file upload-v8.pdb (PDB, C-alpha atoms)
ATOM      1  CA  MET A   1       0.000   0.000   0.000
ATOM      2  CA  LYS A   2       1.147   3.565  -0.719
ATOM      3  CA  ILE A   3       1.120   5.764   2.380
ATOM      4  CA  SER A   4       1.996   9.390   3.149
ATOM      5  CA  PHE A   5       2.392  11.134   6.478
ATOM      6  CA  ILE A   6       1.466  14.579   7.714
ATOM      7  CA  GLY A   7       3.619  15.009  10.777
ATOM      8  CA  ALA A   8       7.096  13.729  11.547
ATOM      9  CA  GLY A   9       6.998  13.325  15.319
ATOM     10  CA  ASN A  10       7.242  10.231  17.480
ATOM     11  CA  VAL A  11       4.118   8.498  16.144
ATOM     12  CA  ALA A  12       4.972   9.093  12.486
ATOM     13  CA  TRP A  13       8.573   8.052  13.079
ATOM     14  CA  HIS A  14       7.535   4.624  14.371
ATOM     15  CA  LEU A  15       4.556   3.964  12.111
ATOM     16  CA  ALA A  16       6.374   4.929   8.925
ATOM     17  CA  GLN A  17       9.213   2.529   9.651
ATOM     18  CA  ALA A  18       6.828  -0.234  10.747
ATOM     19  CA  PHE A  19       4.830   0.140   7.521
ATOM     20  CA  GLU A  20       7.953   0.135   5.389
ATOM     21  CA  ASP A  21       9.267  -2.975   7.152
ATOM     22  CA  ALA A  22       5.922  -4.633   6.335
ATOM     23  CA  GLY A  23       6.432  -3.931   2.626
ATOM     24  CA  HIS A  24       4.481  -0.701   2.161
ATOM     25  CA  TRP A  25       5.807   2.374   0.360
ATOM     26  CA  ILE A  26       5.975   5.647   2.240
ATOM     27  CA  CYS A  27       5.481   8.159  -0.583
ATOM     28  CA  GLU A  28       5.792  11.515   1.183
ATOM     29  CA  VAL A  29       6.359  13.073   4.572
ATOM     30  CA  TYR A  30       5.223  16.576   5.427
ATOM     31  CA  SER A  31       6.088  18.522   8.563
ATOM     32  CA  ARG A  32       5.992  22.233   9.299
ATOM     33  CA  ASP A  33       9.481  21.561  10.685
ATOM     34  CA  THR A  34      11.297  20.688   7.473
ATOM     35  CA  GLN A  35      14.286  19.329   9.363
ATOM     36  CA  LYS A  36      12.095  16.711  11.079
ATOM     37  CA  ALA A  37      10.601  15.688   7.737
ATOM     38  CA  ARG A  38      14.093  15.394   6.287
ATOM     39  CA  GLN A  39      15.273  13.235   9.206
ATOM     40  CA  LEU A  40      12.324  10.867   8.903
ATOM     41  CA  ALA A  41      12.572  10.611   5.113
ATOM     42  CA  SER A  42      16.284   9.851   5.382
ATOM     43  CA  SER A  43      15.503   6.825   7.554
ATOM     44  CA  LEU A  44      13.177   5.414   4.878
ATOM     45  CA  TYR A  45      13.947   3.829   1.520
ATOM     46  CA  ASP A  46      12.336   6.051  -1.128
ATOM     47  CA  THR A  47      10.364   8.851   0.503
ATOM     48  CA  ASN A  48       9.951  12.411  -0.744
ATOM     49  CA  ILE A  49       9.800  15.449   1.505
ATOM     50  CA  GLN A  50       6.473  17.142   0.833
ATOM     51  CA  PRO A  51       7.128  20.919   0.837
ATOM     52  CA  ASP A  52       3.545  21.969   1.624
ATOM     53  CA  LEU A  53       0.067  20.570   2.277
ATOM     54  CA  ASN A  54      -0.873  20.234  -1.384
ATOM     55  CA  PHE A  55      -1.173  16.451  -1.800
ATOM     56  CA  SER A  56      -3.427  16.698  -4.869
ATOM     57  CA  ASP A  57      -0.891  14.851  -7.065
ATOM     58  CA  SER A  58       0.075  12.289  -4.444
ATOM     59  CA  GLU A  59      -0.036   8.582  -5.301
ATOM     60  CA  ALA A  60      -0.839   7.736  -1.688
ATOM     61  CA  GLU A  61      -3.802   5.484  -0.994
ATOM     62  CA  VAL A  62      -3.724   6.408   2.691
ATOM     63  CA  ILE A  63      -2.660   9.727   4.218
ATOM     64  CA  VAL A  64      -1.965   9.578   7.940
ATOM     65  CA  ILE A  65      -2.357  12.746  10.019
ATOM     66  CA  ALA A  66       0.029  12.118  12.908
ATOM     67  CA  VAL A  67       0.010  15.442  14.757
ATOM     68  CA  THR A  68      -1.219  16.671  18.130
ATOM     69  CA  ASP A  69      -4.986  16.729  18.639
ATOM     70  CA  ASP A  70      -5.022  20.525  18.681
ATOM     71  CA  ALA A  71      -3.323  20.698  15.276
ATOM     72  CA  ILE A  72      -5.685  18.348  13.416
ATOM     73  CA  GLU A  73      -8.257  20.992  12.478
ATOM     74  CA  SER A  74      -5.663  23.448  11.173
ATOM     75  CA  ILE A  75      -4.220  20.675   8.998
ATOM     76  CA  ILE A  76      -7.609  19.793   7.527
ATOM     77  CA  GLU A  77      -8.326  23.481   6.843
ATOM     78  CA  ARG A  78      -5.233  23.733   4.632
ATOM     79  CA  VAL A  79      -4.564  20.293   3.162
ATOM     80  CA  VAL A  80      -5.399  19.636  -0.503
ATOM     81  CA  LEU A  81      -6.207  15.979  -1.045
ATOM     82  CA  PRO A  82      -6.423  13.622  -4.013
ATOM     83  CA  GLU A  83      -9.957  12.408  -4.634
ATOM     84  CA  GLY A  84     -10.819   9.052  -3.075
ATOM     85  CA  VAL A  85      -7.840   8.918  -0.717
ATOM     86  CA  ILE A  86      -8.273   7.421   2.746
ATOM     87  CA  LEU A  87      -7.503  10.121   5.325
ATOM     88  CA  VAL A  88      -6.940   8.920   8.899
ATOM     89  CA  HIS A  89      -5.869  10.417  12.200
ATOM     90  CA  THR A  90      -3.993   8.675  15.010
ATOM     91  CA  SER A  91      -5.678  10.368  17.991
ATOM     92  CA  GLY A  92      -7.084   8.504  20.950
ATOM     93  CA  THR A  93      -9.660  11.191  21.739
ATOM     94  CA  ARG A  94     -10.850  12.887  18.529
ATOM     95  CA  SER A  95     -14.076  11.241  17.339
ATOM     96  CA  LEU A  96     -14.558   9.974  13.816
ATOM     97  CA  ALA A  97     -17.768  12.032  13.498
ATOM     98  CA  GLU A  98     -15.912  15.243  14.380
ATOM     99  CA  PHE A  99     -13.104  14.367  11.973
ATOM    100  CA  GLN A 100     -15.552  13.539   9.167
ATOM    101  CA  LYS A 101     -17.404  16.807   9.675
ATOM    102  CA  LEU A 102     -14.199  18.843   9.368
ATOM    103  CA  VAL A 103     -13.239  17.016   6.170
ATOM    104  CA  GLU A 104     -16.688  17.639   4.667
ATOM    105  CA  ILE A 105     -16.400  21.360   5.480
ATOM    106  CA  TYR A 106     -12.907  21.951   4.115
ATOM    107  CA  SER A 107     -12.215  19.369   1.396
ATOM    108  CA  ASP A 108     -13.132  20.193  -2.205
ATOM    109  CA  VAL A 109     -13.068  16.507  -3.184
ATOM    110  CA  TYR A 110     -14.611  13.368  -1.752
ATOM    111  CA  VAL A 111     -12.290  11.412   0.522
ATOM    112  CA  HIS A 112     -12.751   8.481   2.866
ATOM    113  CA  THR A 113     -12.059   8.946   6.564
ATOM    114  CA  GLY A 114     -11.009   6.688   9.385
ATOM    115  CA  VAL A 115      -9.145   6.343  12.646
ATOM    116  CA  PHE A 116      -5.854   4.481  12.943
ATOM    117  CA  TYR A 117      -5.012   4.699  16.655
ATOM    118  CA  PRO A 118      -1.892   2.917  17.946
ATOM    119  CA  LEU A 119      -2.107   2.461  21.721
ATOM    120  CA  GLN A 120       1.479   3.016  22.808
ATOM    121  CA  THR A 121       3.868   5.573  24.204
ATOM    122  CA  PHE A 122       6.304   6.414  21.395
ATOM    123  CA  THR A 123       9.805   7.830  21.649
ATOM    124  CA  LYS A 124      12.141   8.209  18.684
ATOM    125  CA  GLY A 125      15.018   5.765  18.768
ATOM    126  CA  VAL A 126      13.358   3.406  21.256
ATOM    127  CA  GLU A 127      12.801   0.071  19.527
ATOM    128  CA  MET A 128       9.611  -1.911  20.096
ATOM    129  CA  ASP A 129       7.946  -5.109  18.972
ATOM    130  CA  TYR A 130       5.316  -3.832  16.551
ATOM    131  CA  SER A 131       3.714  -7.279  16.310
ATOM    132  CA  GLU A 132       2.254  -6.751  19.803
ATOM    133  CA  LEU A 133       1.261  -3.102  19.289
ATOM    134  CA  PRO A 134      -2.521  -2.615  19.717
ATOM    135  CA  PHE A 135      -4.211  -0.807  16.829
ATOM    136  CA  CYS A 136      -7.763   0.527  17.182
ATOM    137  CA  ILE A 137      -9.470   0.970  13.814
ATOM    138  CA  GLU A 138     -12.663   2.802  12.889
ATOM    139  CA  SER A 139     -14.410   3.880   9.705
ATOM    140  CA  ARG A 140     -18.035   4.429   8.705
ATOM    141  CA  ASN A 141     -17.402   2.597   5.448
ATOM    142  CA  GLU A 142     -17.085  -1.173   5.878
ATOM    143  CA  LEU A 143     -14.807  -1.537   2.852
ATOM    144  CA  ILE A 144     -12.472   1.241   4.062
ATOM    145  CA  GLU A 145     -12.460  -0.183   7.582
ATOM    146  CA  GLY A 146     -11.469  -3.529   6.109
ATOM    147  CA  LYS A 147      -8.548  -1.936   4.247
ATOM    148  CA  LEU A 148      -7.379  -0.188   7.417
ATOM    149  CA  MET A 149      -7.687  -3.439   9.361
ATOM    150  CA  GLN A 150      -5.605  -5.146   6.680
ATOM    151  CA  LEU A 151      -2.973  -2.397   6.865
ATOM    152  CA  ALA A 152      -2.760  -2.650  10.646
ATOM    153  CA  SER A 153      -2.640  -6.444  10.483
ATOM    154  CA  SER A 154       0.372  -6.265   8.172
ATOM    155  CA  VAL A 155       2.252  -4.748  11.121
ATOM    156  CA  SER A 156       0.586  -6.145  14.233
ATOM    157  CA  ASP A 157      -1.210  -9.229  15.512
ATOM    158  CA  ASN A 158      -3.251  -7.062  17.882
ATOM    159  CA  VAL A 159      -5.853  -5.191  15.800
ATOM    160  CA  THR A 160      -9.333  -4.226  17.055
ATOM    161  CA  ARG A 161     -12.374  -2.495  15.598
ATOM    162  CA  MET A 162     -13.324   0.182  18.119
ATOM    163  CA  ASP A 163     -15.783   3.060  17.991
ATOM    164  CA  SER A 164     -14.989   6.593  19.134
ATOM    165  CA  ASP A 165     -16.605   6.291  22.581
ATOM    166  CA  GLU A 166     -14.723   3.090  23.374
ATOM    167  CA  ARG A 167     -11.465   4.579  22.113
ATOM    168  CA  PHE A 168     -11.929   7.661  24.312
ATOM    169  CA  ILE A 169     -12.424   5.502  27.421
ATOM    170  CA  LEU A 170      -9.387   3.438  26.454
ATOM    171  CA  HIS A 171      -7.355   6.647  26.167
ATOM    172  CA  VAL A 172      -8.431   7.796  29.644
ATOM    173  CA  ALA A 173      -7.370   4.427  31.065
ATOM    174  CA  ALA A 174      -4.077   4.647  29.160
ATOM    175  CA  VAL A 175      -3.268   8.002  30.777
ATOM    176  CA  PHE A 176      -3.589   6.391  34.206
ATOM    177  CA  ALA A 177      -1.638   3.292  33.173
ATOM    178  CA  SER A 178       1.211   5.060  31.399
ATOM    179  CA  ASN A 179       1.433   8.839  31.791
ATOM    180  CA  PHE A 180       0.553   9.013  35.482
ATOM    181  CA  THR A 181       2.639   5.935  36.262
ATOM    182  CA  ASN A 182       5.667   7.473  34.568
ATOM    183  CA  TYR A 183       5.152  10.638  36.612
ATOM    184  CA  MET A 184       5.315   8.488  39.748
ATOM    185  CA  PHE A 185       8.656   7.176  38.509
ATOM    186  CA  THR A 186       9.759  10.793  38.009
ATOM    187  CA  ILE A 187       8.861  11.642  41.612
ATOM    188  CA  SER A 188      10.766   8.592  42.835
ATOM    189  CA  HIS A 189      13.790   9.616  40.785
ATOM    190  CA  ASP A 190      13.658  13.148  42.177
ATOM    191  CA  LEU A 191      13.425  11.994  45.798
ATOM    192  CA  LEU A 192      16.381   9.666  45.393
ATOM    193  CA  GLU A 193      18.452  12.216  43.496
ATOM    194  CA  ARG A 194      17.959  14.703  46.340
ATOM    195  CA  GLU A 195      19.597  12.217  48.692
ATOM    196  CA  GLN A 196      22.221  11.106  46.139
ATOM    197  CA  LEU A 197      20.732   7.632  45.856
ATOM    198  CA  ARG A 198      20.531   5.692  42.581
ATOM    199  CA  PHE A 199      17.230   5.257  40.749
ATOM    200  CA  ASP A 200      18.587   1.878  39.566
ATOM    201  CA  LEU A 201      17.840   0.530  43.040
ATOM    202  CA  LEU A 202      14.112   0.770  42.271
ATOM    203  CA  LYS A 203      14.201  -0.933  38.880
ATOM    204  CA  PRO A 204      13.788  -4.545  40.110
ATOM    205  CA  LEU A 205      10.793  -3.413  42.174
ATOM    206  CA  ILE A 206       9.293  -1.582  39.186
ATOM    207  CA  GLN A 207       9.811  -4.613  36.946
ATOM    208  CA  THR A 208       8.144  -6.947  39.443
ATOM    209  CA  THR A 209       5.224  -4.560  39.984
ATOM    210  CA  VAL A 210       4.592  -4.287  36.246
ATOM    211  CA  TYR A 211       5.033  -8.042  35.770
ATOM    212  CA  LYS A 212       2.421  -8.819  38.442
ATOM    213  CA  ALA A 213      -0.044  -6.379  36.844
ATOM    214  CA  LEU A 214       0.486  -7.912  33.406
ATOM    215  CA  GLU A 215       0.009 -11.445  34.708
ATOM    216  CA  SER A 216      -3.211 -10.663  36.576
ATOM    217  CA  ASP A 217      -6.746 -10.017  35.354
ATOM    218  CA  ASP A 218      -7.203  -7.714  38.371
ATOM    219  CA  PRO A 219      -4.136  -5.641  39.369
ATOM    220  CA  SER A 220      -5.733  -4.753  42.705
ATOM    221  CA  ILE A 221      -4.988  -8.295  43.888
ATOM    222  CA  GLY A 222      -1.257  -7.531  43.780
ATOM    223  CA  GLN A 223      -1.476  -4.278  45.776
ATOM    224  CA  THR A 224       1.029  -4.103  48.637
ATOM    225  CA  GLY A 225       2.542  -1.331  50.745
ATOM    226  CA  PRO A 226       1.804   0.528  53.971
ATOM    227  CA  ALA A 227      -1.591   1.907  52.852
ATOM    228  CA  ARG A 228      -2.750  -1.591  51.849
ATOM    229  CA  ARG A 229      -1.571  -3.009  55.210
ATOM    230  CA  GLY A 230      -3.004  -0.156  57.258
ATOM    231  CA  ASP A 231       0.462   0.750  58.540
ATOM    232  CA  TRP A 232      -0.360   4.309  59.562
ATOM    233  CA  LYS A 233       2.814   4.839  61.587
ATOM    234  CA  THR A 234       4.865   4.354  58.426
ATOM    235  CA  THR A 235       2.653   6.569  56.294
ATOM    236  CA  ALA A 236       2.832   9.282  58.976
ATOM    237  CA  ARG A 237       6.639   9.176  58.882
ATOM    238  CA  HIS A 238       6.585   9.307  55.094
ATOM    239  CA  LEU A 239       4.319  12.336  55.162
ATOM    240  CA  GLU A 240       6.520  14.065  57.730
ATOM    241  CA  TYR A 241       9.529  13.638  55.455
ATOM    242  CA  LEU A 242       7.629  14.769  52.344
ATOM    243  CA  GLN A 243       6.276  17.890  54.052
ATOM    244  CA  GLU A 244       9.860  18.971  54.611
ATOM    245  CA  THR A 245      10.793  18.083  51.018
ATOM    246  CA  ASN A 246       8.019  18.913  48.542
ATOM    247  CA  GLU A 247       4.454  19.998  49.268
ATOM    248  CA  ASP A 248       3.164  18.741  45.910
ATOM    249  CA  TYR A 249       4.534  15.267  46.585
ATOM    250  CA  THR A 250       2.945  15.383  50.042
ATOM    251  CA  GLU A 251      -0.442  16.096  48.501
ATOM    252  CA  ILE A 252      -0.099  13.270  45.967
ATOM    253  CA  TYR A 253       1.070  10.796  48.632
ATOM    254  CA  ARG A 254      -1.811  11.685  50.948
ATOM    255  CA  LEU A 255      -4.409  11.433  48.165
ATOM    256  CA  LEU A 256      -3.195   8.051  46.900
ATOM    257  CA  THR A 257      -2.853   6.658  50.418
ATOM    258  CA  ASP A 258      -6.441   7.630  51.202
ATOM    259  CA  LYS A 259      -7.730   6.139  47.943
ATOM    260  CA  ILE A 260      -5.890   2.829  48.488
ATOM    261  CA  ARG A 261      -7.125   2.653  52.087
ATOM    262  CA  ASN A 262     -10.731   3.348  51.045
ATOM    263  CA  LEU A 263     -10.586   0.764  48.264
ATOM    264  CA  TYR A 264      -9.538  -2.066  50.558
ATOM    265  CA  ILE A 265     -11.851  -1.025  53.376
ATOM    266  CA  SER A 266     -14.728  -1.292  50.906
ATOM    267  CA  LYS A 267     -13.565  -4.764  49.885
TER     268      LYS A 267
END
call {"tool": "encode", "arguments": {"input": "upload-v8.pdb", "output": "structure tokens"}}
result
Amino acid sequence: MKISFIGAGNVAWHLAQAFEDAGHWICEVYSRDTQKARQLASSLYDTNIQPDLNFSDSEAEVIVIAVTDDAIESIIERVVLPEGVILVHTSGTRSLAEFQKLVEIYSDVYVHTGVFYPLQTFTKGVEMDYSELPFCIESRNELIEGKLMQLASSVSDNVTRMDSDERFILHVAAVFASNFTNYMFTISHDLLEREQLRFDLLKPLIQTTVYKALESDDPSIGQTGPARRGDWKTTARHLEYLQETNEDYTEIYRLLTDKIRNLYISK
């Protein structure tokens, strides 16, 4: 399949290379930051740098908008598309209906629309096993949805049809599972760095915690720690230390301790 990208950030960087490895041709890459487009194109086999948003002569069968949610509308306002192309976004929160409406307002030609949402945290240069990467696919047109499912399946063994409401809920859950969890790691790193202790000391604990969650259908079963045990003397000492260190961390610790305690009291 012939594919072009609008955007050259983390998502585009990974998807473009995954598609190419699966035998697809990445025709063009556009980015408002030309240097980023050049870097991505240079990592691919035969990809042109698109100088602007006029894709009217593109050979692409699918054009992927891989930009921030806030930038999607401004892209659609300006992009010129070839008739009949499949235009998709990679957002976890923007609905297909909203996307379709914008395309109908701004496009002078008929195009197909869909959602091609990869559920993952992407960082350039960090390798991953794309065969396990979850893809959530949506389109109003059954034939187009089938083509997008086929494209995703050429990369991954984990492909799901999912409507916009389900995808939004999945995205909320993903923020808790990934973004908030990583912020907890950042707090841990900061506390240790203040005392000149190594973050590496926590890595076996982090690995075991994640392993237990992955192996269980209910992560709450694996909950441990002073709040779970009702060890209030320990939590009081922790809070005393945190109050002298960082008020924001104190607030987070107190909130999470209360929520864990309430959860297991209710059980």
call {"tool": "atom_distance", "arguments": {"input": "upload-v8.pdb", "atom1": "CA of Ser164 (chain A)", "atom2": "CA of Ala16 (chain A)"}}
result
23.7 Å
call {"tool": "resolve_selection", "arguments": {"input": "upload-v8.pdb", "expression": "the PyMOL selection byres ((chain A and resi 73) around 12)", "output": "PDB file with C-alpha atoms, in the coordinates of the input"}}
result
ATOM      1  CA  ILE A  65      -2.357  12.746  10.019  1.00  0.00           C
ATOM      2  CA  VAL A  67       0.010  15.442  14.757  1.00  0.00           C
ATOM      3  CA  THR A  68      -1.219  16.671  18.130  1.00  0.00           C
ATOM      4  CA  ASP A  69      -4.986  16.729  18.639  1.00  0.00           C
ATOM      5  CA  ASP A  70      -5.022  20.525  18.681  1.00  0.00           C
ATOM      6  CA  ALA A  71      -3.323  20.698  15.276  1.00  0.00           C
ATOM      7  CA  ILE A  72      -5.685  18.348  13.416  1.00  0.00           C
ATOM      8  CA  SER A  74      -5.663  23.448  11.173  1.00  0.00           C
ATOM      9  CA  ILE A  75      -4.220  20.675   8.998  1.00  0.00           C
ATOM     10  CA  ILE A  76      -7.609  19.793   7.527  1.00  0.00           C
ATOM     11  CA  GLU A  77      -8.326  23.481   6.843  1.00  0.00           C
ATOM     12  CA  ARG A  78      -5.233  23.733   4.632  1.00  0.00           C
ATOM     13  CA  VAL A  79      -4.564  20.293   3.162  1.00  0.00           C
ATOM     14  CA  HIS A  89      -5.869  10.417  12.200  1.00  0.00           C
ATOM     15  CA  ARG A  94     -10.850  12.887  18.529  1.00  0.00           C
ATOM     16  CA  GLU A  98     -15.912  15.243  14.380  1.00  0.00           C
ATOM     17  CA  PHE A  99     -13.104  14.367  11.973  1.00  0.00           C
ATOM     18  CA  GLN A 100     -15.552  13.539   9.167  1.00  0.00           C
ATOM     19  CA  LYS A 101     -17.404  16.807   9.675  1.00  0.00           C
ATOM     20  CA  LEU A 102     -14.199  18.843   9.368  1.00  0.00           C
ATOM     21  CA  VAL A 103     -13.239  17.016   6.170  1.00  0.00           C
ATOM     22  CA  GLU A 104     -16.688  17.639   4.667  1.00  0.00           C
ATOM     23  CA  ILE A 105     -16.400  21.360   5.480  1.00  0.00           C
ATOM     24  CA  TYR A 106     -12.907  21.951   4.115  1.00  0.00           C
ATOM     25  CA  SER A 107     -12.215  19.369   1.396  1.00  0.00           C
TER      26      SER A 107
END
call {"tool": "atom_distance", "arguments": {"input": "upload-v8.pdb", "atom1": "CA of Leu81 (chain A)", "atom2": "CA of Asn54 (chain A)"}}
result
6.8 Å
call {"tool": "closest_residue", "arguments": {"input": "upload-v8.pdb", "among": "A:Val159, A:Met149, A:Ala213, A:Ile6", "to": "Phe135 (chain A)", "atoms": "all atoms listed in the file"}}
result
A:Val159
call {"tool": "atom_distance", "arguments": {"input": "upload-v8.pdb", "atom1": "CA of Thr257 (chain A)", "atom2": "CA of Thr235 (chain A)"}}
result
8.1 Å
call {"tool": "resolve_selection", "arguments": {"input": "upload-v8.pdb", "expression": "the PyMOL selection byres ((chain A and resi 187) around 12)", "output": "PyMOL selection string"}}
result
chain A and resi 180-186+188-194+199+242+245-246+248-250+252-253
call {"tool": "resolve_selection", "arguments": {"input": "upload-v8.pdb", "expression": "the PyMOL selection byres ((chain A and resi 137) around 9)", "output": "list in words"}}
result
Gly114, Val115, Phe116, Tyr117, Pro118, Phe135, Cys136, Glu138, Ser139, Glu145, Leu148, Met149, Ala152, Val159, Thr160, Arg161, Met162 and Asp163 of chain A
call {"tool": "closest_residue", "arguments": {"input": "upload-v8.pdb", "among": "A:Thr113, A:Ser91, A:Thr123, A:Ser156", "to": "Asn141 (chain A)", "atoms": "only C-alpha atoms"}}
result
A:Thr113
call {"tool": "axis_aligned_box", "arguments": {"input": "upload-v8.pdb", "around": "region 75-86 of chain A", "padding_each_side": "6 Å", "output": "JSON"}}
result
{"center_x": -7.5, "center_y": 15.6, "center_z": 2.2, "size_x": 18.6, "size_y": 28.3, "size_z": 25.6}
call {"tool": "closest_residue", "arguments": {"input": "upload-v8.pdb", "among": "A:Arg140, A:His14, A:Lys212, A:Lys147", "to": "Phe122 (chain A)", "atoms": "only C-alpha atoms"}}
result
A:His14
call {"tool": "closest_residue", "arguments": {"input": "upload-v8.pdb", "among": "A:Leu263, A:Ala18, A:Leu119, A:Ile144", "to": "Thr93 (chain A)", "atoms": "only C-alpha atoms"}}
result
A:Leu119
call {"tool": "residues_around", "arguments": {"input": "upload-v8.pdb", "residues": "region 226-231 of chain A", "least_positions_apart": "6", "cutoff": "8 Å", "atoms": "only C-alpha atoms", "output": "compact mmCIF listing (two decimals) with C-alpha atoms, in the coordinates of the input"}}
result
# COMPACT_ATOMS: atom_id res chain seq x y z
CA THR A 257 -2.85 6.66 50.42
CA ASP A 258 -6.44 7.63 51.20
CA ILE A 260 -5.89 2.83 48.49
CA ARG A 261 -7.12 2.65 52.09
CA TYR A 264 -9.54 -2.07 50.56
call {"tool": "residues_near_point", "arguments": {"input": "upload-v8.pdb", "point": "(3.2, 5.5, 22.3)", "cutoff": "12 Å", "atoms": "all atoms listed in the file", "output": "PDB file with C-alpha atoms, keeping the file's coordinate frame"}}
result
ATOM      1  CA  GLY A   9       6.998  13.325  15.319  1.00  0.00           C
ATOM      2  CA  ASN A  10       7.242  10.231  17.480  1.00  0.00           C
ATOM      3  CA  VAL A  11       4.118   8.498  16.144  1.00  0.00           C
ATOM      4  CA  ALA A  12       4.972   9.093  12.486  1.00  0.00           C
ATOM      5  CA  TRP A  13       8.573   8.052  13.079  1.00  0.00           C
ATOM      6  CA  HIS A  14       7.535   4.624  14.371  1.00  0.00           C
ATOM      7  CA  LEU A  15       4.556   3.964  12.111  1.00  0.00           C
ATOM      8  CA  ALA A  66       0.029  12.118  12.908  1.00  0.00           C
ATOM      9  CA  THR A  90      -3.993   8.675  15.010  1.00  0.00           C
ATOM     10  CA  SER A  91      -5.678  10.368  17.991  1.00  0.00           C
ATOM     11  CA  GLY A  92      -7.084   8.504  20.950  1.00  0.00           C
ATOM     12  CA  TYR A 117      -5.012   4.699  16.655  1.00  0.00           C
ATOM     13  CA  PRO A 118      -1.892   2.917  17.946  1.00  0.00           C
ATOM     14  CA  LEU A 119      -2.107   2.461  21.721  1.00  0.00           C
ATOM     15  CA  GLN A 120       1.479   3.016  22.808  1.00  0.00           C
ATOM     16  CA  THR A 121       3.868   5.573  24.204  1.00  0.00           C
ATOM     17  CA  PHE A 122       6.304   6.414  21.395  1.00  0.00           C
ATOM     18  CA  THR A 123       9.805   7.830  21.649  1.00  0.00           C
ATOM     19  CA  LYS A 124      12.141   8.209  18.684  1.00  0.00           C
ATOM     20  CA  VAL A 126      13.358   3.406  21.256  1.00  0.00           C
ATOM     21  CA  GLU A 127      12.801   0.071  19.527  1.00  0.00           C
ATOM     22  CA  MET A 128       9.611  -1.911  20.096  1.00  0.00           C
ATOM     23  CA  TYR A 130       5.316  -3.832  16.551  1.00  0.00           C
ATOM     24  CA  LEU A 133       1.261  -3.102  19.289  1.00  0.00           C
ATOM     25  CA  PRO A 134      -2.521  -2.615  19.717  1.00  0.00           C
ATOM     26  CA  PHE A 135      -4.211  -0.807  16.829  1.00  0.00           C
ATOM     27  CA  HIS A 171      -7.355   6.647  26.167  1.00  0.00           C
ATOM     28  CA  ALA A 174      -4.077   4.647  29.160  1.00  0.00           C
ATOM     29  CA  VAL A 175      -3.268   8.002  30.777  1.00  0.00           C
ATOM     30  CA  SER A 178       1.211   5.060  31.399  1.00  0.00           C
ATOM     31  CA  ASN A 179       1.433   8.839  31.791  1.00  0.00           C
TER      32      ASN A 179
END
call {"tool": "closest_residue", "arguments": {"input": "upload-v8.pdb", "among": "A:Ile49, A:Leu44, A:Glu83, A:Val88", "to": "Val62 (chain A)", "atoms": "all atoms listed in the file"}}
result
A:Val88
call {"tool": "closest_residue", "arguments": {"input": "upload-v8.pdb", "among": "A:Ser153, A:Gln50, A:Gln243, A:Gln17", "to": "Arg32 (chain A)", "atoms": "all atoms listed in the file"}}
result
A:Gln50
